[in-house]
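Chemist: I am sharing coords.txt, which consists of compact mmCIF, C-alpha atoms:
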```txt
# COMPACT_ATOMS: atom_id res chain seq x y z
CA MET A 270 77.29 71.73 85.26
CA ARG A 271 80.51 71.26 83.36
CA ASN A 272 80.72 75.00 82.60
CA GLY A 273 80.18 75.70 86.29
CA LEU A 274 83.04 73.37 87.21
CA LEU A 275 85.29 74.96 84.61
CA TYR A 276 84.39 78.42 85.93
CA THR A 277 85.07 77.31 89.52
CA SER A 278 88.42 75.75 88.54
CA THR A 279 89.44 78.86 86.61
CA LEU A 280 88.41 81.10 89.50
CA ALA A 281 90.36 78.95 91.96
CA ALA A 282 93.46 79.04 89.74
CA LEU A 283 93.24 82.82 89.39
CA SER A 284 92.79 83.20 93.14
CA ILE A 285 95.84 81.04 93.83
CA ALA A 286 97.87 82.98 91.26
CA ALA A 287 96.85 86.27 92.86
CA LEU A 288 97.77 84.96 96.31
CA LEU A 289 101.16 83.73 95.12
CA ALA A 290 101.85 87.05 93.41
CA ALA A 291 101.03 88.87 96.62
CA LEU A 292 103.36 86.63 98.62
CA THR A 293 106.25 86.75 96.17
CA PRO A 294 109.23 88.62 97.64
CA GLY A 295 109.91 91.84 95.83
CA SER A 296 106.34 92.34 94.69
CA ALA A 297 105.08 95.88 95.02
CA GLU A 298 103.03 96.56 98.13
CA PRO A 299 99.84 98.53 97.70
CA ARG A 300 100.30 102.28 97.60
CA HIS A 301 97.54 102.82 100.16
CA MET A 302 99.74 101.17 102.80
CA TYR A 303 102.55 103.57 101.96
CA THR A 304 100.17 106.56 101.88
CA THR A 305 98.92 105.69 105.36
CA MET A 306 102.48 105.32 106.67
CA VAL A 307 103.52 108.72 105.29
CA LEU A 308 100.43 110.39 106.73
CA GLU A 309 101.09 108.75 110.10
CA ALA A 310 104.66 110.07 110.03
CA PHE A 311 103.56 113.62 109.21
CA ALA A 312 100.72 113.47 111.77
CA THR A 313 103.22 112.31 114.39
CA LYS A 314 105.46 115.24 113.55
CA VAL A 315 102.56 117.67 113.96
CA GLU A 316 100.75 116.08 116.90
CA CYS A 317 103.54 114.66 119.05
CA PRO A 318 106.00 116.95 120.85
CA GLY A 319 109.69 116.59 120.07
CA VAL A 320 109.31 114.50 116.89
CA ASP A 321 110.60 115.18 113.39
CA VAL A 322 110.19 113.24 110.12
CA VAL A 323 113.16 112.07 108.07
CA TYR A 324 111.90 112.64 104.52
CA GLN A 325 114.75 110.74 102.86
CA ASP A 326 113.88 107.65 104.92
CA LEU A 327 110.32 107.84 103.56
CA VAL A 328 111.76 107.97 100.05
CA GLN A 329 113.92 104.93 100.81
CA LYS A 330 110.89 103.02 102.15
CA ALA A 331 109.01 103.80 98.92
CA GLU A 332 111.92 102.35 96.97
CA ASP A 333 111.99 99.28 99.24
CA MET A 334 108.25 98.82 98.63
CA LYS A 335 108.84 99.03 94.85
CA MET A 336 106.79 102.22 94.52
CA PRO A 337 107.28 104.23 91.31
CA ASP A 338 109.76 107.10 91.43
CA GLY A 339 108.15 110.25 92.77
CA THR A 340 105.58 108.45 94.92
CA THR A 341 106.73 110.11 98.15
CA GLU A 342 106.41 113.59 96.67
CA LYS A 343 102.98 112.84 95.17
CA VAL A 344 101.76 111.52 98.52
CA ARG A 345 103.23 114.52 100.36
CA LYS A 346 101.54 116.95 97.96
CA ALA A 347 98.21 115.13 98.25
CA ILE A 348 98.37 115.22 102.05
CA ALA A 349 99.28 118.91 102.09
CA TYR A 350 96.49 119.73 99.64
CA MET A 351 93.83 117.85 101.57
CA HIS A 352 94.90 119.01 105.02
CA THR A 353 95.18 122.70 104.07
CA GLY A 354 92.01 122.90 102.03
CA GLY A 355 94.01 123.33 98.83
CA LYS A 356 96.25 126.15 100.10
CA MET A 357 99.39 124.02 99.95
CA GLY A 358 100.45 120.96 97.98
CA GLU A 359 98.73 119.91 94.78
CA LYS A 360 95.63 117.87 94.05
CA GLN A 361 96.66 114.43 92.82
CA ASP A 362 94.74 111.70 90.99
CA ASP A 363 91.40 110.71 92.50
CA ASP A 364 92.67 107.35 93.76
CA LEU A 365 95.51 108.93 95.74
CA MET A 366 93.22 111.62 97.15
CA ALA A 367 90.82 108.88 98.26
CA GLU A 368 93.71 107.00 99.89
CA VAL A 369 94.64 110.13 101.85
CA ALA A 370 91.02 110.63 102.91
CA VAL A 371 90.68 107.04 104.15
CA ALA A 372 94.05 107.18 105.94
CA THR A 373 93.03 110.47 107.58
CA GLN A 374 89.84 108.90 108.91
CA ALA A 375 91.68 105.81 110.18
CA ILE A 376 94.31 107.90 111.97
CA ASP A 377 91.63 110.13 113.47
CA MET A 378 89.80 107.07 114.81
CA ASP A 379 93.03 105.64 116.25
CA GLN A 380 93.83 108.94 117.96
CA ARG A 381 90.38 109.06 119.54
CA ARG A 382 90.45 105.41 120.53
CA LEU A 383 93.92 105.48 122.09
CA GLY A 384 94.10 109.10 123.21
CA MET A 385 96.84 111.36 121.89
CA THR A 386 99.49 110.42 124.46
CA ASN A 387 99.13 106.69 123.80
CA TRP A 388 98.82 107.25 120.04
CA CYS A 389 102.07 109.24 120.02
CA GLU A 390 103.90 106.56 121.99
CA GLU A 391 102.62 103.87 119.65
CA GLN A 392 103.65 105.87 116.56
CA LYS A 393 107.14 106.44 117.95
CA LYS A 394 107.57 102.65 118.10
CA THR A 395 105.87 101.87 114.79
CA LEU A 396 107.59 104.63 112.79
CA ALA A 397 111.01 104.43 114.43
CA GLY A 398 112.77 104.36 111.04
CA PHE A 399 111.11 107.54 109.78
CA ILE A 400 110.87 109.83 112.78
CA ARG A 401 113.57 111.20 115.05
CA PRO A 402 113.66 113.32 118.18
CA LYS A 403 113.90 117.02 117.35
CA GLY A 404 117.07 118.62 118.36
```
Output the file's structure in the form of structure tokens.

Modeler:
Amino acid sequence: MRNGLLYTSTLAALSIAALLAALTPGSAEPRHMYTTMVLEAFATKVECPGVDVVYQDLVQKAEDMKMPDGTTEKVRKAIAYMHTGGKMGEKQDDDLMAEVAVATQAIDMDQRRLGMTNWCEEQKKTLAGFIRPKG
């Protein structure tokens, strides 16, 4: 019983430490969130009329999220590779390719659920810092 209590206390302490680390300002946000955001921005550019992506703003967001240097370019290459069947971009590590695949499925589901017109309007609000009207 005592070992069980020690295990439970240790597990609770580790859980609290993990929670505090996640809530600490300046801690790095998960890359999958950034990958999804970049894919949403590029999908909005392709799917929604009159929209363009500001690449440098995506780079700045990666810096703000404490992503390693080069993250934006790796994500861009992974997206291009996956969405062109390997004709453009470059295959990246398996974790990043999986993140792109999951983000692609989530965006596809959102587009079907909302319809393209509503999805585009929602993306224009959500991604206001990364997309601009063409022109």

Chemist: Which one of A:Thr395, A:Gln329, A:Gln361, A:Gln380 sits closest to Glu316 of chain A if you count only C-alpha atoms?

Modeler: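 Looking at the shortest contact to Glu316 of chain A, the residue is A:Gln380.
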
Chemist: Using all atoms listed in the file, find the one residue out of A:Ile348, A:Met385, A:Val315, A:Ala397 that sits nearest to Ala370 of chain A.

Modeler: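 Smallest distance to Ala370 of chain A is found for A:Ile348.
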
Chemist: Please list as a list in words every residue within 9 Å of Leu365 of chain A, counting only C-alpha atoms and excluding residues in the same chain fewer than 2 positions away.

Modeler: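 Neighbouring residues, sequence-local ones excluded: Arg300, His301, Thr304, Lys343, Val344, Ala347, Gln361, Asp362, Asp363, Ala367, Glu368, Val369 and Ala370 of chain A.
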
Chemist: Would you write out those residues with C-alpha atoms, as a compact mmCIF listing (two decimals), keeping the file's coordinate frame?

Modeler:
```txt
# COMPACT_ATOMS: atom_id res chain seq x y z
CA ARG A 300 100.30 102.28 97.60
CA HIS A 301 97.54 102.82 100.16
CA THR A 304 100.17 106.56 101.88
CA LYS A 343 102.98 112.84 95.17
CA VAL A 344 101.76 111.52 98.52
CA ALA A 347 98.21 115.13 98.25
CA GLN A 361 96.66 114.43 92.82
CA ASP A 362 94.74 111.70 90.99
CA ASP A 363 91.40 110.71 92.50
CA ALA A 367 90.82 108.88 98.26
CA GLU A 368 93.71 107.00 99.89
CA VAL A 369 94.64 110.13 101.85
CA ALA A 370 91.02 110.63 102.91
```

Chemist: Determine, counting only C-alpha atoms, which protein, DNA and RNA residues have an atom within 9 Å of an atom of Asp326 of chain A; residues of the same chain fewer than 4 positions away are not included. Present the result as a PyMOL selection string.

Modeler: chain A and resi 322+330-331+398-400

Chemist: Rounded to one decimal, what separation in Å do you get between atom CA of Thr340 of chain A and atom CA of Tyr303 of chain A?

Modeler: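 About the pair atom CA of Thr340 of chain A and atom CA of Tyr303 of chain A: they are 9.1 Å apart.
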
Chemist: Between A:Arg345, A:Pro299, A:Ala312, A:Gly319, which is the closest to Ile376 of chain A once you count all atoms listed in the file?

Modeler: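 Answer, going by the shortest atom-to-atom distance: A:Ala312.
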
Chemist: How many Å lie between atom CA of Gly355 of chain A and atom CA of Val320 of chain A, rounded to one decimal?

Modeler: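 Separation of atom CA of Gly355 of chain A and atom CA of Val320 of chain A: 25.3 Å.
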
Chemist: Can you tell me which residues surround Pro318 of chain A at a distance of at most 12 Å, considering all atoms listed in the file, apart from same-chain residues fewer than 4 positions away, and format the answer as a list in words?

Modeler: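 Those residues are Ala312, Thr313, Lys314, Met385, Thr386, Cys389, Glu390, Lys393, Ile400, Arg401, Pro402, Lys403 and Gly404 of chain A.
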
Chemist: Record the distance separating atom CA of Thr373 of chain A and atom CA of Thr305 of chain A, expressed in Å with one decimal.

Modeler: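 Rounded to one decimal, the two atoms are 7.9 Å apart.
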
Chemist: I'd like to know which of A:Met351, A:Asp338, A:Ala375, A:Cys317 is closest to Asn387 of chain A, using only C-alpha atoms.

Modeler: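 Closest to Asn387 of chain A, using only C-alpha atoms: A:Cys317.
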
Chemist: Within 10 Å of Glu342 of chain A, counting only C-alpha atoms, which residues qualify if same-chain residues fewer than 6 places away don't, as a list of chain:residue names?

Modeler: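 Residues near the query, excluding close chain neighbours: A:Tyr324, A:Leu327, A:Val328, A:Ile348, A:Gly358.
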
Chemist: Put those residues in a file: C-alpha atoms, as an mmCIF file, in the coordinates of the input.

Modeler:
```
data_model
loop_
_atom_site.group_PDB
_atom_site.id
_atom_site.type_symbol
_atom_site.label_atom_id
_atom_site.label_comp_id
_atom_site.auth_asym_id
_atom_site.auth_seq_id
_atom_site.Cartn_x
_atom_site.Cartn_y
_atom_site.Cartn_z
ATOM 1 C CA TYR A 324 111.900 112.640 104.520
ATOM 2 C CA LEU A 327 110.320 107.840 103.560
ATOM 3 C CA VAL A 328 111.760 107.970 100.050
ATOM 4 C CA ILE A 348 98.370 115.220 102.050
ATOM 5 C CA GLY A 358 100.450 120.960 97.980
#
```

Chemist: Give me the box for segment 303-310 of chain A as AutoDock Vina command-line options, namely the centre and edge lengths in Å to one decimal of a box along x, y and z that holds every listed atom plus 4 Å on each side.

Modeler:
```
--center_x 101.8 --center_y 107.0 --center_z 106.0 --size_x 13.7 --size_y 14.8 --size_z 16.2
```

Chemist: Around the point (106.0, 105.7, 108.0) in the file's coordinates, collect all residues with an atom within 6 Å, using all atoms listed in the file, and return them as a VMD selection string.

Modeler: chain A and resid 306 to 307 310 396 399
